[in-house]
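S.K.: Sharing a structure with you now.
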Amino acid sequence: MIEAAGRPRRSPIEKSKKEQSHIGADDPRVARAIFTLRETAAYLDVPKSTVQWWARPPEAKQALITCFPSQGRQATVPFIGFAEAFVLSSFRRAGVPLQRIRPAVEVLAKEIGVEHALASKRLYTDGAEVLFDYANKSGEREVMDLTVVRTQQRQFSGVVRDYLKRIHYGGDGWADSVQLPTYANAEVIVDPRVAFGLPLLVYGGARVEDLVDRFQAGDSVSEIAVDFSVPPDQVEDVIRVATRAAA
């Protein structure tokens with residue numbers, strides 16, 4: 001365990017008077033489901049079983065992502081839940097084992113002190129320091145490796161930092177759009193205020209599912225590119241990701 005000599009003892013992070021602790025229940029980011037668990041897994045390129053564990057953990061444990069009760073094949077994951085899963089997927093890609101993620105997230109939620117902490121901007125600003133302190137006390141090396149020191153401040157490292165930069169936060173401090181990392185050429189975002197939260201291309205504004213439907217119907221990449229005013233390489237990128245997700 002790394003010694004923390006000379007470091008001040010941390011207390012739960014203080015909130016300014018302007019900051020909110022809760023997001024409204026009628027906010028479309030939490031009130032409307034937009035994805036199934038399978039779709040969430042596909043867009044984040046993680047196993048469905050992992051997303052299932054985050055959303056519906058065994059032994060009646062607290063879910064790590066916001067998710068509505070299962071209703072057949074209907075969508076159950078609202079945007080906030082998707083944003084939470086997005087952050088968890090970055091922890092996973094950074095090498096934190098599944099069984100180590102839960103205690104780390106519980107500490108984050110407690111210390112940051114706001115609802116949906118993983119989808120909060122305060123994770124971006126304060127989360128690295130919280131996780132370092134937790135890892136230092138518990139000896140969780142994989143969790144400690146999520147952070148580095150830059151300009152004399154504890155910050156998220158590598159993959160996690162890159163993922164968090166893809167989140168845009170609203171004025172209330174919670175995520176309001178996410179740029180998906182699974183595309184090499186196309187810039188694809190999920191924004192609950194646009195297209196009912198379905199993924200769409202920034203260039204041209206076409207919905208991903210519309211491009212994929214046209215391709216599956218037999219249209220060529222060039223035809224789709226012309227009709228939707230999207231560069232061919234971005235159309236190919238969208239189709240590549242969709243094909244991989246369906247495999």
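In the structure tokens, chains take the letters A, B, ... in the order shown, each chain's residues start at 1, and ligands count up from 1 in the order shown.
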Taking the DSSP secondary structure from the backbone, can you list the residues of range 1-229 of chain A that are alpha helix (DSSP H), as a PyMOL selection string?
M.R.: chain A and resi 28-31+37-44+48-55+79-93+98-112+121-138+141-144+158-164+208-216+221-228
S.K.: List the spatial neighbours of Pro231 in chain A as an MDAnalysis selection string - criterion: any atom at most 12 Å away, only C-alpha atoms, same-chain residues fewer than 4 positions off excluded.
M.R.: chainID A and resid 185:187 201:204 206 211 221:227 235:238
S.K.: Mind listing the strand (DSSP E or B) residues of chain A, per DSSP on the backbone, as a list in words?
M.R.: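 These are the residues in question: Ala33, Ile34, Phe35, Val77, Pro78, Ser120, Thr147, Val148, Val149, Arg150, Gln153, Arg154, Gln155, Phe156, Ile167, His168, Tyr169, Trp174, Ala175, Asp176, Ser177, Val178, Gln179, Val188, Ile189, Val190, Leu200, Leu201 and Arg207 of chain A.
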S.K.: I need the residues from that last selection saved to file as a PDB file, in the first residue's frame (with N, CA and C atoms), if you can.
M.R.:
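Resulting contents of selection-v3.pdb:
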ATOM      1  N   ALA A  33     -36.985   5.230 -20.838  1.00  0.00           N
ATOM      2  CA  ALA A  33     -36.026   4.201 -21.250  1.00  0.00           C
ATOM      3  C   ALA A  33     -35.770   4.313 -22.747  1.00  0.00           C
ATOM      4  N   ILE A  34     -34.508   4.162 -23.147  1.00  0.00           N
ATOM      5  CA  ILE A  34     -34.175   4.277 -24.571  1.00  0.00           C
ATOM      6  C   ILE A  34     -33.485   3.032 -25.127  1.00  0.00           C
ATOM      7  N   PHE A  35     -32.883   2.212 -24.261  1.00  0.00           N
ATOM      8  CA  PHE A  35     -32.165   1.027 -24.733  1.00  0.00           C
ATOM      9  C   PHE A  35     -32.546  -0.210 -23.922  1.00  0.00           C
ATOM     10  N   VAL A  77     -33.349   0.792 -20.115  1.00  0.00           N
ATOM     11  CA  VAL A  77     -32.229   1.627 -19.668  1.00  0.00           C
ATOM     12  C   VAL A  77     -32.442   3.073 -20.118  1.00  0.00           C
ATOM     13  N   PRO A  78     -32.619   4.011 -19.182  1.00  0.00           N
ATOM     14  CA  PRO A  78     -32.729   5.421 -19.559  1.00  0.00           C
ATOM     15  C   PRO A  78     -31.350   5.995 -19.868  1.00  0.00           C
ATOM     16  N   SER A 120     -22.350  12.091 -13.076  1.00  0.00           N
ATOM     17  CA  SER A 120     -22.213  13.460 -12.600  1.00  0.00           C
ATOM     18  C   SER A 120     -20.871  14.057 -13.009  1.00  0.00           C
ATOM     19  N   THR A 147      -5.730   6.167 -11.725  1.00  0.00           N
ATOM     20  CA  THR A 147      -5.377   7.568 -11.509  1.00  0.00           C
ATOM     21  C   THR A 147      -3.885   7.808 -11.723  1.00  0.00           C
ATOM     22  N   VAL A 148      -3.560   9.051 -12.065  1.00  0.00           N
ATOM     23  CA  VAL A 148      -2.173   9.499 -12.203  1.00  0.00           C
ATOM     24  C   VAL A 148      -2.088  10.909 -11.629  1.00  0.00           C
ATOM     25  N   VAL A 149      -0.862  11.383 -11.434  1.00  0.00           N
ATOM     26  CA  VAL A 149      -0.662  12.754 -10.977  1.00  0.00           C
ATOM     27  C   VAL A 149      -0.221  13.607 -12.155  1.00  0.00           C
ATOM     28  N   ARG A 150      -0.965  14.677 -12.410  1.00  0.00           N
ATOM     29  CA  ARG A 150      -0.604  15.640 -13.446  1.00  0.00           C
ATOM     30  C   ARG A 150      -0.747  17.038 -12.860  1.00  0.00           C
ATOM     31  N   GLN A 153      -1.889  17.355  -9.402  1.00  0.00           N
ATOM     32  CA  GLN A 153      -3.255  16.980  -9.064  1.00  0.00           C
ATOM     33  C   GLN A 153      -3.501  15.534  -9.470  1.00  0.00           C
ATOM     34  N   ARG A 154      -4.318  14.861  -8.677  1.00  0.00           N
ATOM     35  CA  ARG A 154      -4.690  13.486  -8.996  1.00  0.00           C
ATOM     36  C   ARG A 154      -5.777  13.515 -10.063  1.00  0.00           C
ATOM     37  N   GLN A 155      -5.531  12.833 -11.194  1.00  0.00           N
ATOM     38  CA  GLN A 155      -6.474  12.811 -12.304  1.00  0.00           C
ATOM     39  C   GLN A 155      -6.670  11.379 -12.781  1.00  0.00           C
ATOM     40  N   PHE A 156      -7.730  11.173 -13.552  1.00  0.00           N
ATOM     41  CA  PHE A 156      -7.938   9.862 -14.145  1.00  0.00           C
ATOM     42  C   PHE A 156      -6.890   9.630 -15.229  1.00  0.00           C
ATOM     43  N   ILE A 167     -18.124  12.747 -22.601  1.00  0.00           N
ATOM     44  CA  ILE A 167     -19.400  13.079 -21.964  1.00  0.00           C
ATOM     45  C   ILE A 167     -19.572  14.593 -21.923  1.00  0.00           C
ATOM     46  N   HIS A 168     -20.742  15.059 -22.340  1.00  0.00           N
ATOM     47  CA  HIS A 168     -21.073  16.479 -22.182  1.00  0.00           C
ATOM     48  C   HIS A 168     -22.040  16.592 -21.009  1.00  0.00           C
ATOM     49  N   TYR A 169     -21.745  17.521 -20.109  1.00  0.00           N
ATOM     50  CA  TYR A 169     -22.569  17.690 -18.912  1.00  0.00           C
ATOM     51  C   TYR A 169     -23.456  18.923 -19.045  1.00  0.00           C
ATOM     52  N   TRP A 174     -25.200  16.975 -14.535  1.00  0.00           N
ATOM     53  CA  TRP A 174     -25.311  15.585 -14.965  1.00  0.00           C
ATOM     54  C   TRP A 174     -25.157  15.472 -16.477  1.00  0.00           C
ATOM     55  N   ALA A 175     -24.725  14.314 -16.912  1.00  0.00           N
ATOM     56  CA  ALA A 175     -24.504  14.077 -18.335  1.00  0.00           C
ATOM     57  C   ALA A 175     -25.773  14.348 -19.130  1.00  0.00           C
ATOM     58  N   ASP A 176     -25.611  14.990 -20.295  1.00  0.00           N
ATOM     59  CA  ASP A 176     -26.769  15.158 -21.174  1.00  0.00           C
ATOM     60  C   ASP A 176     -26.505  14.673 -22.599  1.00  0.00           C
ATOM     61  N   SER A 177     -25.280  14.236 -22.892  1.00  0.00           N
ATOM     62  CA  SER A 177     -25.001  13.551 -24.154  1.00  0.00           C
ATOM     63  C   SER A 177     -23.682  12.801 -24.023  1.00  0.00           C
ATOM     64  N   VAL A 178     -23.540  11.763 -24.830  1.00  0.00           N
ATOM     65  CA  VAL A 178     -22.340  10.922 -24.810  1.00  0.00           C
ATOM     66  C   VAL A 178     -21.926  10.628 -26.243  1.00  0.00           C
ATOM     67  N   GLN A 179     -20.642  10.765 -26.523  1.00  0.00           N
ATOM     68  CA  GLN A 179     -20.106  10.364 -27.826  1.00  0.00           C
ATOM     69  C   GLN A 179     -19.582   8.939 -27.701  1.00  0.00           C
ATOM     70  N   VAL A 188     -20.531   9.540 -33.451  1.00  0.00           N
ATOM     71  CA  VAL A 188     -21.893   9.129 -33.111  1.00  0.00           C
ATOM     72  C   VAL A 188     -22.176   9.506 -31.663  1.00  0.00           C
ATOM     73  N   ILE A 189     -23.303  10.162 -31.446  1.00  0.00           N
ATOM     74  CA  ILE A 189     -23.652  10.588 -30.093  1.00  0.00           C
ATOM     75  C   ILE A 189     -25.000  10.002 -29.672  1.00  0.00           C
ATOM     76  N   VAL A 190     -25.184   9.941 -28.368  1.00  0.00           N
ATOM     77  CA  VAL A 190     -26.477   9.615 -27.771  1.00  0.00           C
ATOM     78  C   VAL A 190     -26.897  10.848 -26.986  1.00  0.00           C
ATOM     79  N   LEU A 200     -27.082   8.848 -33.174  1.00  0.00           N
ATOM     80  CA  LEU A 200     -27.106   9.505 -34.469  1.00  0.00           C
ATOM     81  C   LEU A 200     -25.752  10.101 -34.787  1.00  0.00           C
ATOM     82  N   LEU A 201     -25.512  10.290 -36.077  1.00  0.00           N
ATOM     83  CA  LEU A 201     -24.252  10.865 -36.527  1.00  0.00           C
ATOM     84  C   LEU A 201     -24.294  12.377 -36.383  1.00  0.00           C
ATOM     85  N   ARG A 207     -29.865   9.013 -38.113  1.00  0.00           N
ATOM     86  CA  ARG A 207     -29.877   8.004 -37.060  1.00  0.00           C
ATOM     87  C   ARG A 207     -29.108   6.773 -37.531  1.00  0.00           C
TER      88      ARG A 207
END
S.K.: Determine, counting only C-alpha atoms, which protein, DNA and RNA residues have an atom within 9 Å of an atom of Val105 in chain A; residues of the same chain fewer than 4 positions away are not included. Present the result as a ChimeraX atom specification.
M.R.: /A:64,88,100-101,109-110,117-118,131
S.K.: Residues at most 9 Å from Ala119 in chain A, counting only C-alpha atoms, excluding those fewer than 2 positions away in the same chain, as a CSV table (one decimal) with C-alpha atoms, in the first residue's frame?
M.R.:
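Output saved as around.csv:
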chain,number,residue,atom,x,y,z
A,80,ILE,CA,-28.6,8.3,-17.2
A,81,GLY,CA,-28.3,4.5,-16.9
A,82,PHE,CA,-26.5,4.4,-20.2
A,83,ALA,CA,-24.1,7.1,-19.1
A,84,GLU,CA,-23.4,5.2,-15.9
A,85,ALA,CA,-22.7,2.0,-18.0
A,86,PHE,CA,-20.5,4.1,-20.3
A,87,VAL,CA,-18.3,5.1,-17.3
A,115,GLU,CA,-27.5,10.9,-7.1
A,116,HIS,CA,-26.2,9.1,-10.2
A,117,ALA,CA,-22.6,9.9,-9.2
A,121,LYS,CA,-19.6,16.0,-13.6
A,122,ARG,CA,-18.3,15.8,-10.1
A,123,LEU,CA,-16.9,12.3,-11.0
A,167,ILE,CA,-19.4,13.1,-22.0
A,169,TYR,CA,-22.6,17.7,-18.9
A,173,GLY,CA,-24.0,18.9,-13.5
A,174,TRP,CA,-25.3,15.6,-15.0
A,175,ALA,CA,-24.5,14.1,-18.3
A,176,ASP,CA,-26.8,15.2,-21.2
S.K.: Which of these residues is nearest to Met144 in chain A, using only C-alpha atoms: A:Val96, A:Ile65, A:Val159, A:Ala195?
M.R.: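 Residue with the minimum atom-to-atom distance to Met144 in chain A: A:Val96.
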S.K.: How many Å separate CA of Gly170 in chain A from CA of Thr50 in chain A?
M.R.: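 We find that CA of Gly170 in chain A and CA of Thr50 in chain A lie 28.0 Å from each other.
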S.K.: With only C-alpha atoms as the counted atoms, please give the residues lying no more than 8 Å from range 241-245 of chain A, apart from itself and same-chain residues fewer than 5 positions off, as a ChimeraX atom specification.
M.R.: /A:42-43,45,182-183,212
S.K.: Keeping N, CA and C atoms for every residue in the selection just given, could you write it to a file as a CSV table (one decimal), in the first residue's frame?
M.R.:
chain,number,residue,atom,x,y,z
A,42,ALA,N,-24.2,-3.7,-26.8
A,42,ALA,CA,-23.7,-3.6,-28.1
A,42,ALA,C,-23.1,-2.2,-28.4
A,43,TYR,N,-23.7,-1.2,-28.0
A,43,TYR,CA,-23.2,0.2,-28.3
A,43,TYR,C,-21.9,0.5,-27.5
A,45,ASP,N,-19.9,-2.0,-26.6
A,45,ASP,CA,-18.9,-3.1,-26.9
A,45,ASP,C,-18.4,-3.9,-25.7
A,182,THR,N,-17.0,3.4,-29.9
A,182,THR,CA,-16.8,2.2,-30.7
A,182,THR,C,-16.6,2.5,-32.2
A,183,TYR,N,-16.7,3.8,-32.6
A,183,TYR,CA,-16.6,4.1,-34.0
A,183,TYR,C,-15.3,4.7,-34.3
A,212,VAL,N,-28.3,1.6,-41.0
A,212,VAL,CA,-28.2,0.1,-41.0
A,212,VAL,C,-29.4,-0.5,-41.7
S.K.: I'd like to know which of A:Ala31, A:Ala55, A:Ala94, A:Leu164 is closest to Leu146 in chain A, using only C-alpha atoms.
M.R.: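 For Leu146 in chain A, the nearest of the candidates is A:Ala94.
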S.K.: Would you compute the distance between CA of Asp27 in chain A and CA of Glu39 in chain A? Give it in Å to one decimal.
M.R.: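 Value for the CA of Asp27 in chain A-CA of Glu39 in chain A distance: 21.8 Å.
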S.K.: Report the distance between CA of Asp133 in chain A and CA of Val107 in chain A in Å, rounded to one decimal place.
M.R.: 9.9 Å
